[in-house]
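Visitor: Structure file structure-v8.cif (mmCIF, C-alpha atoms) right here:
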data_final
loop_
_atom_site.label_atom_id
_atom_site.label_comp_id
_atom_site.auth_asym_id
_atom_site.auth_seq_id
_atom_site.Cartn_x
_atom_site.Cartn_y
_atom_site.Cartn_z
CA PRO A 1 107.65 116.00 186.71
CA LEU A 2 111.28 116.91 187.27
CA GLU A 3 111.03 120.06 185.14
CA GLN A 4 108.49 121.47 187.60
CA ARG A 5 110.79 121.08 190.60
CA GLY A 6 113.30 123.58 191.95
CA MET A 7 116.88 123.52 190.77
CA LEU A 8 118.23 122.05 194.02
CA GLN A 9 115.83 119.13 193.69
CA GLN A 10 116.89 118.69 190.09
CA LEU A 11 120.55 118.63 191.11
CA ALA A 12 119.75 115.88 193.62
CA SER A 13 118.12 113.69 190.94
CA TRP A 14 119.45 110.59 189.20
CA GLU A 15 118.89 112.37 185.89
CA PHE A 16 121.37 115.10 186.81
CA ALA A 17 123.89 112.56 188.10
CA ALA A 18 123.66 110.68 184.79
CA ILE A 19 124.15 113.69 182.48
CA PHE A 20 126.83 115.13 184.79
CA ILE A 21 128.89 111.92 184.62
CA TYR A 22 128.26 111.72 180.89
CA SER A 23 129.49 115.27 180.32
CA ILE A 24 132.66 115.07 182.40
CA ILE A 25 133.68 111.91 180.53
CA GLN A 26 132.64 112.72 176.97
CA VAL A 27 133.44 116.44 176.61
CA PRO A 28 137.13 115.96 177.58
CA ARG A 29 137.30 113.04 175.14
CA ALA A 30 136.26 115.37 172.34
CA ASN A 31 138.98 117.84 173.27
CA MET A 32 141.54 115.05 173.68
CA TYR A 33 140.89 113.81 170.15
CA MET A 34 141.42 117.25 168.65
CA GLY A 35 144.56 117.76 170.71
CA SER A 36 146.14 114.40 169.93
CA VAL A 37 144.86 113.35 166.50
CA GLU A 38 147.86 114.73 164.61
CA LEU A 39 150.30 113.00 166.97
CA ILE A 40 148.44 109.70 166.67
CA ASN A 41 148.31 109.96 162.88
CA ARG A 42 152.05 110.58 162.76
CA LYS A 43 152.60 107.53 164.92
CA ILE A 44 150.40 105.44 162.60
CA ALA A 45 152.29 106.75 159.56
CA GLY A 46 155.55 105.78 161.25
CA LEU A 47 154.27 102.26 161.90
CA GLU A 48 153.25 101.85 158.26
CA GLY A 49 156.62 103.25 157.26
CA HIS A 50 155.99 104.31 153.66
CA PHE A 51 154.40 107.76 153.91
CA SER A 52 156.21 110.98 153.14
CA PRO A 53 155.95 113.97 155.51
CA ASP A 54 153.86 115.73 152.86
CA THR A 55 151.31 112.90 152.87
CA VAL A 56 151.02 113.01 156.66
CA ALA A 57 150.66 116.80 156.54
CA GLY A 58 147.95 116.42 153.90
CA VAL A 59 146.00 114.00 156.08
CA SER A 60 146.30 116.45 158.99
CA THR A 61 144.99 119.28 156.81
CA ILE A 62 142.02 117.23 155.62
CA THR A 63 141.32 116.18 159.22
CA GLY A 64 141.18 119.79 160.34
CA PHE A 65 138.91 120.61 157.41
CA ILE A 66 136.42 117.81 158.16
CA ILE A 67 135.86 118.43 161.89
CA PRO A 68 133.81 121.66 161.51
CA PHE A 69 131.42 119.88 159.12
CA GLY A 70 129.90 117.85 161.92
CA PHE A 71 126.80 120.02 161.55
CA LEU A 72 125.91 117.88 158.52
CA ALA A 73 124.87 115.22 161.03
CA VAL A 74 122.10 117.46 162.41
CA PRO A 75 119.28 115.87 160.32
CA LEU A 76 120.36 112.44 161.57
CA ILE A 77 120.45 113.74 165.15
CA GLU A 78 116.92 115.13 164.85
CA LEU A 79 115.74 111.84 163.33
CA CYS A 80 117.22 109.87 166.23
CA VAL A 81 115.75 112.18 168.88
CA HIS A 82 112.27 112.13 167.34
CA ARG A 83 112.19 108.44 166.38
CA LEU A 84 114.12 106.86 169.25
CA GLY A 85 113.86 109.41 172.06
CA THR A 86 116.47 111.39 173.94
CA ILE A 87 117.97 108.67 176.14
CA PRO A 88 118.33 106.15 173.25
CA THR A 89 120.03 108.93 171.26
CA VAL A 90 122.48 109.33 174.13
CA GLN A 91 123.20 105.61 173.75
CA VAL A 92 123.76 106.01 170.00
CA THR A 93 126.17 108.86 170.76
CA THR A 94 128.15 106.66 173.15
CA LEU A 95 128.42 103.93 170.51
CA LEU A 96 129.70 106.44 167.93
CA GLY A 97 132.32 107.57 170.44
CA LEU A 98 133.48 104.00 170.97
CA LEU A 99 133.58 103.48 167.20
CA TYR A 100 135.91 106.38 166.42
CA ASN A 101 138.18 105.37 169.31
CA ALA A 102 138.33 101.77 168.02
CA MET A 103 139.14 103.02 164.51
CA GLN A 104 142.08 104.98 165.90
CA LEU A 105 143.52 101.71 167.19
CA VAL A 106 143.78 100.40 163.62
CA PRO A 107 147.24 101.43 162.30
CA VAL A 108 146.10 102.46 158.83
CA LEU A 109 146.67 106.13 158.04
CA TYR A 110 144.01 106.57 155.37
CA LEU A 111 141.42 104.90 157.62
CA GLN A 112 141.86 107.88 159.91
CA LEU A 113 140.06 110.03 157.34
CA GLY A 114 137.03 107.84 158.01
CA THR A 115 137.73 108.10 161.72
CA VAL A 116 137.55 111.88 161.66
CA CYS A 117 134.20 111.72 159.82
CA VAL A 118 132.82 109.51 162.59
CA PHE A 119 134.34 111.84 165.19
CA ALA A 120 132.81 114.94 163.60
CA ALA A 121 129.37 113.29 163.60
CA TRP A 122 129.89 112.07 167.18
CA ARG A 123 130.89 115.54 168.37
CA ALA A 124 127.74 117.03 166.85
CA PHE A 125 125.67 114.27 168.44
CA LEU A 126 127.38 114.86 171.79
CA TYR A 127 126.57 118.53 172.23
CA SER A 128 123.13 118.19 170.66
CA THR A 129 122.09 115.30 172.89
CA ILE A 130 123.38 117.00 176.04
CA SER A 131 121.26 120.03 175.17
CA ALA A 132 118.23 117.92 174.22
CA PHE A 133 118.47 115.84 177.39
CA ASN A 134 118.75 118.88 179.66
CA GLY A 135 115.92 120.69 177.91
CA GLU A 136 113.57 117.70 177.98
CA ILE A 137 114.35 116.51 181.51
CA PHE A 138 114.93 119.75 183.42
CA GLY A 139 112.99 122.28 181.35
CA VAL A 140 114.06 125.52 179.73
CA LYS A 141 114.14 127.50 182.99
CA THR A 142 117.10 125.67 184.48
CA MET A 143 118.71 123.86 181.54
CA GLY A 144 121.18 126.69 180.95
CA ARG A 145 122.46 126.63 184.52
CA ILE A 146 122.62 122.84 184.59
CA MET A 147 124.53 122.75 181.29
CA GLY A 148 126.85 125.42 182.67
CA LEU A 149 127.62 123.25 185.69
CA CYS A 150 128.26 120.23 183.48
CA PHE A 151 130.62 122.15 181.21
CA VAL A 152 132.49 123.87 184.05
CA PHE A 153 133.32 120.53 185.63
CA SER A 154 134.05 119.08 182.18
CA GLY A 155 136.64 121.84 181.80
CA LEU A 156 138.20 120.91 185.13
CA THR A 157 138.30 117.28 184.09
CA ASN A 158 139.82 118.32 180.77
CA MET A 159 142.77 119.80 182.65
CA LEU A 160 143.56 116.33 183.98
CA THR A 161 143.96 114.91 180.47
CA GLY A 162 147.08 116.98 179.78
CA PRO A 163 149.45 114.79 181.83
CA ILE A 164 147.86 111.65 180.34
CA VAL A 165 148.53 112.86 176.79
CA ASN A 166 152.06 113.95 177.76
CA ALA A 167 152.74 110.50 179.16
CA ALA A 168 151.59 108.94 175.88
CA VAL A 169 153.83 111.31 173.91
CA ASP A 170 156.85 110.58 176.14
CA SER A 171 156.36 106.83 175.80
CA ASN A 172 155.56 107.13 172.08
CA ASN A 173 152.64 104.77 172.65
CA PHE A 174 149.07 106.03 172.26
CA VAL A 175 147.34 102.65 172.60
CA PRO A 176 146.88 102.92 176.40
CA LEU A 177 145.47 106.43 175.96
CA LEU A 178 142.87 105.22 173.46
CA VAL A 179 141.97 102.10 175.43
CA GLU A 180 141.54 104.15 178.62
CA GLY A 181 139.20 106.49 176.77
CA MET A 182 137.06 103.55 175.69
CA CYS A 183 137.07 102.02 179.17
CA PHE A 184 135.76 105.24 180.72
CA CYS A 185 132.75 104.99 178.39
CA ILE A 186 131.80 101.43 179.35
CA PRO A 187 129.62 102.42 182.37
CA LEU A 188 127.67 105.03 180.38
CA PRO A 189 125.26 102.71 178.50
CA ILE A 190 124.52 100.92 181.78
CA ILE A 191 123.81 104.19 183.60
CA PHE A 192 121.41 105.41 180.92
CA GLN A 193 119.70 102.04 180.55
CA LEU A 194 118.99 102.06 184.28
CA LEU A 195 117.76 105.64 183.98
CA GLN A 196 115.48 104.68 181.09
CA MET A 197 114.02 101.82 183.15
CA LYS A 198 113.50 104.14 186.13
CA ARG A 199 111.67 106.74 184.04
CA SER A 200 109.56 104.04 182.36
CA ARG A 201 108.44 102.77 185.78
CA GLN A 202 107.61 106.33 186.85
CA ALA A 203 105.53 106.84 183.69
CA VAL A 204 103.59 103.65 184.41
CA ASP A 205 102.96 104.74 188.02
CA VAL A 206 101.73 108.15 186.86
CA ALA A 207 99.41 106.49 184.33
CA ARG A 208 97.96 104.25 187.02
CA THR A 209 97.36 107.06 189.54
CA PRO A 210 94.19 108.50 187.88
CA LEU A 211 92.76 104.97 187.62
CA ALA A 212 93.41 104.34 191.30
CA SER A 213 91.84 107.65 192.35
CA THR A 214 88.80 106.97 190.14
CA ALA A 215 88.33 103.55 191.71
#
Can I see the file as structure tokens?
Guide:
Amino acid sequence: PLEQRGMLQQLASWEFAAIFIYSIIQVPRANMYMGSVELINRKIAGLEGHFSPDTVAGVSTITGFIIPFGFLAVPLIELCVHRLGTIPTVQVTTLLGLLYNAMQLVPVLYLQLGTVCVFAAWRAFLYSTISAFNGEIFGVKTMGRIMGLCFVFSGLTNMLTGPIVNAAVDSNNFVPLLVEGMCFCIPLPIIFQLLQMKRSRQAVDVARTPLASTA
């Protein structure tokens, strides 16, 4: 089992490659939403053309109030992990991330209150599933160091999003920013499906080994 191997062997595994790629894509997306949501909502309000500044400010206030309540999704996260498994829960998390991004593309200001609810749940799913994956796959001895590596490089990747957001602000067009965010997520379900298939084959091989030795 991977959790019984040394850290260097774990870092050379497909499992680490998968969660590393997942982290450096998804964690910056979470930060990008929080950094750009007010700008995007103002743009949407401008497109609709009939909202007062006070209404837009009220939506921004409610948005900021909702985000910390993502912890309310914890029972649903635990249900997904226990019923579906860790890797399928990662897939659910990816779908939630695509959903909130797609909702931001709809130019309806009040819909964005629903969007932030989905985002808050997604953000809770994101950090919980990263922790659950690392704990289950790599074990408690090394999960902290592996998560640290993932988050350090996520922080470096996050620094690259600044110019992208600035370009969207300068052009007054956030659609490319949102579409790019969704496109970066497209490979993730494929990566984790392949990983699930690989681990399933390994489990079958392990189950057959005692039978072969007995024979």
Visitor: For stretch 174-176 of chain A, please output as a PyMOL selection string all residues within 10 Å (counting all atoms listed in the file; exclusion window: fewer than 5 positions along the same chain).
Guide: chain A and resi 36+39-40+43-44+104-106+164-165+167-169+181-182
Visitor: Once you count all atoms listed in the file, what closest atom pair and distance in Å to one decimal does each residue of stretch 81-171 of chain A within 10 Å of stretch 48-63 of chain A have, with rows by chain and rising residue number, as a tab-separated table?
Guide:
residue	atom	partner	partner_atom	distance
A:Pro107	CA	A:Glu48	CA	7.3
A:Val108	CA	A:Glu48	CA	7.2
A:Leu109	CA	A:Glu48	CA	7.9
A:Tyr110	CA	A:Val59	CA	7.7
A:Gln112	CA	A:Val59	CA	8.3
A:Leu113	CA	A:Thr63	CA	6.6
A:Gly114	CA	A:Thr63	CA	9.5
A:Thr115	CA	A:Thr63	CA	9.2
A:Val116	CA	A:Thr63	CA	6.2
A:Cys117	CA	A:Thr63	CA	8.4
A:Ala120	CA	A:Thr63	CA	9.7
Visitor: Mind checking which residues fall within 10 Å of A:Leu11, counting all atoms listed in the file, ignoring those fewer than 4 positions away in the same chain, and posting them as a ChimeraX atom specification?
Guide: /A:6-7,15-17,20,138,146
Visitor: Just give me the gap between atom CA of A:Arg42 and atom CA of A:Pro68 in Å, one decimal is fine.
Guide: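 Calculated distance between atom CA of A:Arg42 and atom CA of A:Pro68 is 21.4 Å.
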Visitor: Assuming the chain letters and numbering stay as they are in my file, what does the PyMOL selection byres ((chain A and resi 26) around 10) actually select? List them as a list in words.
Guide: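 Applying the PyMOL selection byres ((chain A and resi 26) around 10) to the structure shown produces Ile21, Tyr22, Ser23, Ile24, Ile25, Val27, Pro28, Arg29, Ala30, Asn31, Met32, Thr93, Thr94, Gly97, Arg123, Leu126, Tyr127, Ser154, Asn158, Gly181, Phe184, Cys185 and Leu188 of chain A.
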Visitor: Which residue is closest to A:Ser13? Choose from A:Leu111, A:Arg201, A:Leu195, A:Ala207 and count all atoms listed in the file.
Guide: A:Leu195
Visitor: Near A:Cys80, counting only C-alpha atoms, which residues have an atom at most 12 Å away, once you skip same-chain residues fewer than 6 positions from it, shown as number ranges by chain?
Guide: A: 73-74, 86-93, 125, 128-129, 132
Visitor: Which residues would end up in the selection if the PyMOL selection byres ((chain A and resi 143) around 10) were applied here, given that I need the answer as a list in words?
Guide: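 Written out, the selection comes to Glu3, Met7, Ile130, Ser131, Ala132, Phe133, Asn134, Gly135, Glu136, Ile137, Phe138, Gly139, Val140, Lys141, Thr142, Gly144, Arg145, Ile146, Met147, Gly148 and Leu149 of chain A.
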Visitor: Enclose the full set of atoms of stretch 31-36 of chain A listed in the file within a box whose edges lie along x, y and z, apply 8 Å of padding to each of the six sides, and report centre and edge lengths in Å to one decimal as AutoDock Vina command-line options.
Guide:
--center_x 142.6 --center_y 115.8 --center_z 171.2 --size_x 23.2 --size_y 20.0 --size_z 21.0
Visitor: Restricting the calculation to only C-alpha atoms, which member of A:Ile66, A:Ile190, A:Leu178, A:Cys150 is positioned closest to A:Met103?
Guide: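 Counting only C-alpha atoms, the residue closest to A:Met103 is A:Leu178.
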Visitor: Atom CA of A:Ala102 and atom CA of A:Met159, how far apart in Å?
Guide: 23.6 Å
Visitor: Distance atom CA of A:Gly35-atom CA of A:Glu78, one decimal place?
Guide: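 Pair atom CA of A:Gly35 / atom CA of A:Glu78 returns 28.4 Å.
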Visitor: Between A:Asn166, A:Asn172, A:Arg199, A:Cys183, single out the one closest to A:Gly46, counting all atoms listed in the file.
Guide: A:Asn172
Visitor: Just checking: using only C-alpha atoms, which residue out of A:Leu8, A:Val118, A:Val152, A:Leu2 ends up closest to A:Gly70?
Guide: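 The closest residue to A:Gly70 is A:Val118.
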